[in-house]
Amino acid sequence: MDMKKIVICTVCPNGCEITVDYTTREDAVVTGYTCKRGIPYAINECFEPMRTFTSSVKINGSDRRVLPVKTSGPIPKARLMDAAEALKAIELTVPVKMGDVIVENFLDTGVNLVSAMSL
Amino acid sequence: MKDFSYPVVVVGGGPAGMAAAISAKENGAEKVLVIERENRLGGILKQCIHAGFGLQYFGEELSGPEYAERFAVKAKEAGIEFMLDTTALEIREQTLVCVNTTGVLHINFGALVLAMGCRERTRANLVIPGSRAAGIYSAGTAQKLINIYGHKVGKEVVILGSGDIGMIMARRLTLGGAKVKAVVEIMPYLAGLARNKAQCLDDFDIPLLLSHTVVDITGVDRVESVTIAPVDENRKPIMEKAEVIDCDTILLSVGLIPENELTRSADVTLSGITKGAVVNQYKQTDKPYIFACGNVLHVNDLVDHVSHESEDAGKYAAMYAAGKLPTVDQIEVAPGEGVRYVCPQKASPADMPIDLYFRTAAPGRNTTLTVSDDNGVLITKKLLVTTPGTIEKMTIPADKAKNISGKIVVTAVHKEA
Ligand SMILES: Cc1cc2nc3c(=O)[nH]c(=O)nc-3n(C[C@H](O)[C@H](O)[C@H](O)COP(=O)(O)OP(=O)(O)OC[C@H]3O[C@@H](n4cnc5c(N)ncnc54)[C@H](O)[C@@H]3O)c2cc1C
Ligand code: SF4
């Protein structure tokens with residue numbers, strides 16, 4: 001096999017070091033995981049790594065000057081910087097509830113940007 | 001002066017305090033009061049806006065504020081009473097002295113749960129050479145300034161120490177447009193969790209310099225550069241290999257210490273290693289009416305553990321207040337080969353499982369963890385990788401916990417370094 005990648009699994013706090021030997025997604029050989037949840041994660045890391053994006057946006061009307069926000073699911077790792085840039089244009093006012101959708105289909109990733117706190 | 005009386009009182013409205021309070025109520029305490037000095041519940045989680053909380057407890061990945069809010073909602077539903085903006089000052093036997101804008105309060109309790117969390121070590125706790133220019137923050141202070149107050153702290157950043165908060169701030173600053181030039185760690189291994197290195201440093205190609213230290217900081221009004229050098233086996237810098245990195249900001253991520261001023265006022269025995277109270281498996285200190293949990297007991301890296309541990313503390317505090325906590329002879333629980341500390345430090349034989357939380361002394365592979373008492377091995381566990389940055393947990397099952405005797409020792413033996 002042509003490629004070898006060592007992935008630190010982040011599915012749970014154990015942080016197992018998983019080795020993937022692969023040429024394509026189909027022939028990947030995965031070793032070093034403690035539980036099966038590590039397998040799809042490690043393979044994905046070789047092809048399209050995904051991350052939950054968390055950050056904050058300006059909020060008016062609270063002693064907190066910024067409101068924590070996150071994507072409702074993971075987005076491609078390559079889009080993280082775009083996501084950070086997009087938040088600069090957002091300004092909200094209280095009240096907001098945890099889970100309120102702030103931007104639907106955020107950056108066309110198929111997931112929403114939601115509030116991570118009630119203020 | 002006002003007087004109050006509660007079977008169970010909790011100091012601290014962070015994740016530990018909330019979990020302890022809910023559990024005390026669920027285990028029979030009629031009225032439970034939480035004292036919190038800030039204006040909102042949640043403790044440090046209010047500023048930990050990144051995801052990664054709750055993987056174990058809730059089985060989903062939450063951010064810090066979400067994790068805290070779930071507990072706050074649950075606590076309110078459970079009928080827990082809260083006094084916010086109220087600081088606990090002193091423990092006098094079974095009375096807690098507090099202060100808020102209405103004045104001094106005396107709160108009598110049957111059992112008290114300490115859940116005051118921890119604070120960061122600062123530059124004063126370390127010896128860092130160089131000028132005292134502006135632009136040097138502890139990682140947690142930077143986290144608060146950015147994640148609660150929306151400030152920017154700097155453009156070119158060097159982070160000293162590879163603790164979790166420092167690594168998390170490396171990512172936060174990078175996404176905010178700053179350039180994080182390096183994370184510098186004096187030890188030959190990472191201080192924080194491997195997952196944070198993966199997600200916070202590797203994802204953004206931020207260099208991690210292990211076995212390196214700071215030898216100088218320059219700048220008059222504002223930091224201008226930091227000089228770093230590799231260290232030898234004795235952690236002495238090798239000056240010939242020193243290197244200057246230009247930067248305007250330095251974050252210190254060098255660890256946390258339990259906040260035990262209040263605990264000292266009650267004359268509770270503290271551990272020299274964890275800097276938290278010495279407790280038994282009930283999280284009970286040597287003042288039997290005082291319990292401790294969360295980061296004030298020992299610094300945890302996962303809030304999920306904090307919640308579980310604190311539920312135990314709340315439950316046993318409620319049992320104590322009701323006169324139902326068995327008091328039996330206690331035996332010592334001690335770290336053996338390869339283990340830095342074990343919490344609890346004491347245990348009594350009991351017909352229920354005993355959870356032991358501990359850290360290994362050095363990283364290694366193919367590690368065998370063993371818990372034994374004077375009669376021999378009680379439990380063992382094998383792990384592919386262990387590091388001091390991760391808390392390990394092992395549970396002595398009830399059938400064995402009944403008969404423990406002599407002294408309990410926990411060891412960690414690595415097959416490979
Ligand atoms: C800066 C920082 C960042 C952290 N980041 C992470 C992270 O990213 N991920 C993670 O898993 N863990 C993190 N931790 C560890 C984190 O502290 C624990 O996961 C968890 O929050 C511990 O909960 P706790 O309730 O014990 O303490 P805390 O959350 O610190 O709560 C303690 C509470 O007690 C209150 N209090 C203290 N003294 C008094 C008093 N005398 N009177 C009244 N109230 C008082 C405080 O105001 C606070 O609300 C961080 C810790 C710090 C210090
Ligand atoms: S492989 Fe399994 S045990 Fe290891 S980190 Fe991933 S999810 Fe956790």
# chains A, B, ... in the order shown; residues from 1 in each chain; ligands from 1
call {"tool": "closest_atom_pairs", "arguments": {"of": "chain A", "to": "ligand 2", "cutoff": "9 Å", "atoms": "only C-alpha atoms and all ligand atoms", "output": "JSON lines"}}
result
{"residue": "A:Ile8", "atom": "CA", "partner": "ligand 2", "partner_atom_place_in_ligand_line": "5 (S)", "distance": 7.3}
{"residue": "A:Cys9", "atom": "CA", "partner": "ligand 2", "partner_atom_place_in_ligand_line": "6 (Fe)", "distance": 4.5}
{"residue": "A:Thr10", "atom": "CA", "partner": "ligand 2", "partner_atom_place_in_ligand_line": "5 (S)", "distance": 5.5}
{"residue": "A:Val11", "atom": "CA", "partner": "ligand 2", "partner_atom_place_in_ligand_line": "7 (S)", "distance": 4.4}
{"residue": "A:Cys12", "atom": "CA", "partner": "ligand 2", "partner_atom_place_in_ligand_line": "8 (Fe)", "distance": 4.0}
{"residue": "A:Pro13", "atom": "CA", "partner": "ligand 2", "partner_atom_place_in_ligand_line": "5 (S)", "distance": 6.0}
{"residue": "A:Asn14", "atom": "CA", "partner": "ligand 2", "partner_atom_place_in_ligand_line": "5 (S)", "distance": 4.4}
{"residue": "A:Gly15", "atom": "CA", "partner": "ligand 2", "partner_atom_place_in_ligand_line": "5 (S)", "distance": 4.0}
{"residue": "A:Cys16", "atom": "CA", "partner": "ligand 2", "partner_atom_place_in_ligand_line": "4 (Fe)", "distance": 4.2}
{"residue": "A:Glu17", "atom": "CA", "partner": "ligand 2", "partner_atom_place_in_ligand_line": "4 (Fe)", "distance": 7.5}
{"residue": "A:Ile18", "atom": "CA", "partner": "ligand 2", "partner_atom_place_in_ligand_line": "1 (S)", "distance": 7.3}
{"residue": "A:Gly32", "atom": "CA", "partner": "ligand 2", "partner_atom_place_in_ligand_line": "1 (S)", "distance": 7.6}
{"residue": "A:Tyr33", "atom": "CA", "partner": "ligand 2", "partner_atom_place_in_ligand_line": "1 (S)", "distance": 4.1}
{"residue": "A:Thr34", "atom": "CA", "partner": "ligand 2", "partner_atom_place_in_ligand_line": "1 (S)", "distance": 4.5}
{"residue": "A:Cys35", "atom": "CA", "partner": "ligand 2", "partner_atom_place_in_ligand_line": "2 (Fe)", "distance": 3.9}
{"residue": "A:Lys36", "atom": "CA", "partner": "ligand 2", "partner_atom_place_in_ligand_line": "2 (Fe)", "distance": 6.0}
{"residue": "A:Arg37", "atom": "CA", "partner": "ligand 2", "partner_atom_place_in_ligand_line": "7 (S)", "distance": 4.9}
{"residue": "A:Gly38", "atom": "CA", "partner": "ligand 2", "partner_atom_place_in_ligand_line": "1 (S)", "distance": 3.7}
{"residue": "A:Ile39", "atom": "CA", "partner": "ligand 2", "partner_atom_place_in_ligand_line": "1 (S)", "distance": 7.0}
{"residue": "A:Tyr41", "atom": "CA", "partner": "ligand 2", "partner_atom_place_in_ligand_line": "6 (Fe)", "distance": 7.7}
{"residue": "A:Ala42", "atom": "CA", "partner": "ligand 2", "partner_atom_place_in_ligand_line": "6 (Fe)", "distance": 8.4}
call {"tool": "write_last_selection", "arguments": {"atoms": "N, CA and C atoms", "output": "PDB file, in the first residue's frame"}}
result
ATOM      1  N   ILE A   8      -4.582  10.396  15.540  1.00  0.00           N
ATOM      2  CA  ILE A   8      -4.990  10.337  16.950  1.00  0.00           C
ATOM      3  C   ILE A   8      -6.509  10.402  16.958  1.00  0.00           C
ATOM      4  N   CYS A   9      -7.135   9.345  17.427  1.00  0.00           N
ATOM      5  CA  CYS A   9      -8.597   9.290  17.405  1.00  0.00           C
ATOM      6  C   CYS A   9      -9.156  10.279  18.433  1.00  0.00           C
ATOM      7  N   THR A  10     -10.138  11.075  18.010  1.00  0.00           N
ATOM      8  CA  THR A  10     -10.726  12.042  18.948  1.00  0.00           C
ATOM      9  C   THR A  10     -12.193  11.737  19.231  1.00  0.00           C
ATOM     10  N   VAL A  11     -12.610  10.519  18.885  1.00  0.00           N
ATOM     11  CA  VAL A  11     -14.014  10.160  19.125  1.00  0.00           C
ATOM     12  C   VAL A  11     -14.306  10.102  20.628  1.00  0.00           C
ATOM     13  N   CYS A  12     -13.330   9.632  21.408  1.00  0.00           N
ATOM     14  CA  CYS A  12     -13.501   9.664  22.862  1.00  0.00           C
ATOM     15  C   CYS A  12     -12.184  10.125  23.476  1.00  0.00           C
ATOM     16  N   PRO A  13     -12.184  10.470  24.771  1.00  0.00           N
ATOM     17  CA  PRO A  13     -10.983  11.079  25.351  1.00  0.00           C
ATOM     18  C   PRO A  13      -9.759  10.166  25.418  1.00  0.00           C
ATOM     19  N   ASN A  14      -9.896   8.879  25.148  1.00  0.00           N
ATOM     20  CA  ASN A  14      -8.730   7.994  25.187  1.00  0.00           C
ATOM     21  C   ASN A  14      -7.618   8.445  24.257  1.00  0.00           C
ATOM     22  N   GLY A  15      -7.996   8.991  23.096  1.00  0.00           N
ATOM     23  CA  GLY A  15      -6.995   9.488  22.165  1.00  0.00           C
ATOM     24  C   GLY A  15      -6.071   8.405  21.640  1.00  0.00           C
ATOM     25  N   CYS A  16      -6.625   7.279  21.182  1.00  0.00           N
ATOM     26  CA  CYS A  16      -5.796   6.182  20.662  1.00  0.00           C
ATOM     27  C   CYS A  16      -5.029   6.623  19.416  1.00  0.00           C
ATOM     28  N   GLU A  17      -3.822   6.066  19.284  1.00  0.00           N
ATOM     29  CA  GLU A  17      -3.016   6.311  18.089  1.00  0.00           C
ATOM     30  C   GLU A  17      -3.354   5.214  17.094  1.00  0.00           C
ATOM     31  N   ILE A  18      -3.991   5.566  15.998  1.00  0.00           N
ATOM     32  CA  ILE A  18      -4.439   4.569  15.032  1.00  0.00           C
ATOM     33  C   ILE A  18      -3.612   4.713  13.748  1.00  0.00           C
ATOM     34  N   GLY A  32      -4.484  -0.457  15.693  1.00  0.00           N
ATOM     35  CA  GLY A  32      -4.156   0.383  16.846  1.00  0.00           C
ATOM     36  C   GLY A  32      -5.356   0.982  17.564  1.00  0.00           C
ATOM     37  N   TYR A  33      -6.571   0.706  17.088  1.00  0.00           N
ATOM     38  CA  TYR A  33      -7.763   1.251  17.747  1.00  0.00           C
ATOM     39  C   TYR A  33      -8.132   0.368  18.936  1.00  0.00           C
ATOM     40  N   THR A  34      -8.784   0.975  19.916  1.00  0.00           N
ATOM     41  CA  THR A  34      -9.225   0.216  21.087  1.00  0.00           C
ATOM     42  C   THR A  34     -10.657  -0.251  20.883  1.00  0.00           C
ATOM     43  N   CYS A  35     -11.454   0.575  20.207  1.00  0.00           N
ATOM     44  CA  CYS A  35     -12.830   0.159  19.944  1.00  0.00           C
ATOM     45  C   CYS A  35     -13.171   0.490  18.500  1.00  0.00           C
ATOM     46  N   LYS A  36     -14.258  -0.102  17.999  1.00  0.00           N
ATOM     47  CA  LYS A  36     -14.582  -0.017  16.581  1.00  0.00           C
ATOM     48  C   LYS A  36     -14.903   1.394  16.095  1.00  0.00           C
ATOM     49  N   ARG A  37     -15.302   2.265  17.043  1.00  0.00           N
ATOM     50  CA  ARG A  37     -15.645   3.629  16.626  1.00  0.00           C
ATOM     51  C   ARG A  37     -14.441   4.344  16.017  1.00  0.00           C
ATOM     52  N   GLY A  38     -13.263   3.857  16.362  1.00  0.00           N
ATOM     53  CA  GLY A  38     -12.055   4.492  15.839  1.00  0.00           C
ATOM     54  C   GLY A  38     -11.828   4.239  14.352  1.00  0.00           C
ATOM     55  N   ILE A  39     -12.408   3.148  13.821  1.00  0.00           N
ATOM     56  CA  ILE A  39     -12.105   2.770  12.435  1.00  0.00           C
ATOM     57  C   ILE A  39     -12.624   3.793  11.416  1.00  0.00           C
ATOM     58  N   TYR A  41     -13.521   6.787  11.905  1.00  0.00           N
ATOM     59  CA  TYR A  41     -12.903   8.087  12.166  1.00  0.00           C
ATOM     60  C   TYR A  41     -11.531   8.162  11.498  1.00  0.00           C
ATOM     61  N   ALA A  42     -10.722   7.117  11.725  1.00  0.00           N
ATOM     62  CA  ALA A  42      -9.350   7.125  11.206  1.00  0.00           C
ATOM     63  C   ALA A  42      -9.353   7.141   9.677  1.00  0.00           C
TER      64      ALA A  42
END
call {"tool": "residues_near_ligand", "arguments": {"ligand": "ligand 1", "cutoff": "7 Å", "atoms": "only C-alpha atoms and all ligand atoms", "output": "number ranges by chain"}}
result
B: 11-17, 35-38, 41-45, 48, 50, 53, 86-89, 115-120, 139-141, 143, 164-165, 168, 256, 259, 262, 293-296, 300-303, 306
call {"tool": "interface_residues", "arguments": {"of": "chain A", "to": "chain B", "cutoff": "10 Å", "atoms": "only C-alpha atoms", "output": "number ranges by chain"}}
result
A: 7-17, 32-34, 49, 51-59, 63-70, 73, 77-78, 80-85, 88, 98-99, 115-118
call {"tool": "atom_distance", "arguments": {"atom1": "atom CA of Met18 of chain B", "atom2": "atom CA of Met394 of chain B"}}
result
24.2 Å
call {"tool": "closest_residue", "arguments": {"among": "B:Arg235, B:Arg40, B:Arg132, B:Lys179", "to": "Ser62 of chain A", "atoms": "only C-alpha atoms"}}
result
B:Arg40
call {"tool": "residues_around", "arguments": {"residues": "Asp3 of chain B", "least_positions_apart": "6", "cutoff": "10 Å", "atoms": "only C-alpha atoms", "output": "list in words"}}
result
Thr95, Val97, Val104, Leu105, His106, Ile107 and Asn108 of chain B
call {"tool": "write_last_selection", "arguments": {"atoms": "N, CA, C and O atoms", "output": "compact mmCIF listing (two decimals), in the first residue's frame"}}
result
# COMPACT_ATOMS: atom_id res chain seq x y z
N THR B 95 -20.69 25.63 60.41
CA THR B 95 -21.27 26.88 59.93
C THR B 95 -20.38 27.45 58.84
O THR B 95 -19.16 27.50 58.99
N VAL B 97 -19.48 30.77 56.72
CA VAL B 97 -19.63 32.22 56.75
C VAL B 97 -19.49 32.74 55.32
O VAL B 97 -18.50 32.47 54.65
N VAL B 104 -23.22 39.86 55.79
CA VAL B 104 -22.59 38.58 56.16
C VAL B 104 -23.68 37.56 56.49
O VAL B 104 -24.65 37.88 57.17
N LEU B 105 -23.53 36.36 55.97
CA LEU B 105 -24.52 35.31 56.21
C LEU B 105 -23.86 34.16 56.98
O LEU B 105 -22.72 33.80 56.68
N HIS B 106 -24.59 33.60 57.92
CA HIS B 106 -24.12 32.40 58.60
C HIS B 106 -25.01 31.25 58.18
O HIS B 106 -26.22 31.29 58.41
N ILE B 107 -24.43 30.26 57.55
CA ILE B 107 -25.23 29.15 57.05
C ILE B 107 -24.83 27.87 57.77
O ILE B 107 -23.69 27.41 57.65
N ASN B 108 -25.75 27.30 58.52
CA ASN B 108 -25.46 26.06 59.24
C ASN B 108 -25.75 24.88 58.33
O ASN B 108 -26.70 24.90 57.56
call {"tool": "residues_around", "arguments": {"residues": "segment 317-331 of chain B", "least_positions_apart": "4", "cutoff": "8 Å", "atoms": "only C-alpha atoms", "output": "list of chain:residue names"}}
result
B:Pro7, B:Val8, B:Ala24, B:Lys25, B:Asn27, B:Gly28, B:Ala29, B:Gly110, B:Ala111, B:Leu112, B:Val113, B:Asn280, B:Gln284, B:Tyr289, B:Ile290, B:Phe291, B:Ala313, B:Lys346, B:Ala347, B:Ser348, B:Pro349, B:Ser405, B:Gly406, B:Lys407, B:Ile408
call {"tool": "atom_distance", "arguments": {"atom1": "atom CA of Pro76 of chain A", "atom2": "atom CA of Leu209 of chain B"}}
result
27.6 Å
call {"tool": "select_by_dssp", "arguments": {"residues": "segment 206-301 of chain B", "states": "strand (DSSP E)", "output": "PyMOL selection string"}}
result
chain B and resi 208-209+212-218+225-230+243-246+249-252+256-258+290-292
call {"tool": "residues_around", "arguments": {"residues": "Val183 of chain B", "least_positions_apart": "6", "cutoff": "6 Å", "atoms": "only C-alpha atoms", "output": "list in words"}}
result
Ile159, Leu160 and Leu208 of chain B
call {"tool": "select_by_dssp", "arguments": {"residues": "segment 370-416 of chain B", "states": "alpha helix (DSSP H)", "output": "PyMOL selection string"}}
result
chain B and resi 398-401
call {"tool": "write_last_selection", "arguments": {"atoms": "C-alpha atoms", "output": "PDB file, in the first residue's frame"}}
result
ATOM      1  CA  ALA B 398     -18.127  -4.420  45.693  1.00  0.00           C
ATOM      2  CA  ASP B 399     -17.374  -8.088  46.385  1.00  0.00           C
ATOM      3  CA  LYS B 400     -13.688  -7.271  46.752  1.00  0.00           C
ATOM      4  CA  ALA B 401     -14.186  -3.850  48.362  1.00  0.00           C
TER       5      ALA B 401
END
call {"tool": "closest_residue", "arguments": {"among": "B:Val339, B:Val226, B:Met83, B:Met352", "to": "Thr368 of chain B", "atoms": "only C-alpha atoms"}}
result
B:Val339
call {"tool": "atom_distance", "arguments": {"atom1": "atom CA of Leu96 of chain B", "atom2": "atom CA of Glu261 of chain B"}}
result
13.4 Å
call {"tool": "closest_residue", "arguments": {"among": "B:Glu416, B:Ser372, B:Leu84, B:His308", "to": "Cys98 of chain B", "atoms": "only C-alpha atoms"}}
result
B:Leu84
call {"tool": "closest_residue", "arguments": {"among": "A:Asn60, A:Val30, A:Phe47, A:Leu113", "to": "Glu91 of chain A", "atoms": "only C-alpha atoms"}}
result
A:Asn60
call {"tool": "closest_residue", "arguments": {"among": "A:Val29, A:Ile6, A:Val20, A:Ile102", "to": "Leu87 of chain A", "atoms": "only C-alpha atoms"}}
result
A:Ile102
call {"tool": "residues_around", "arguments": {"residues": "Pro397 of chain B", "least_positions_apart": "2", "cutoff": "12 Å", "atoms": "only C-alpha atoms", "output": "PyMOL selection string"}}
result
chain B and resi 349-356+371+378-380+394-395+399-404
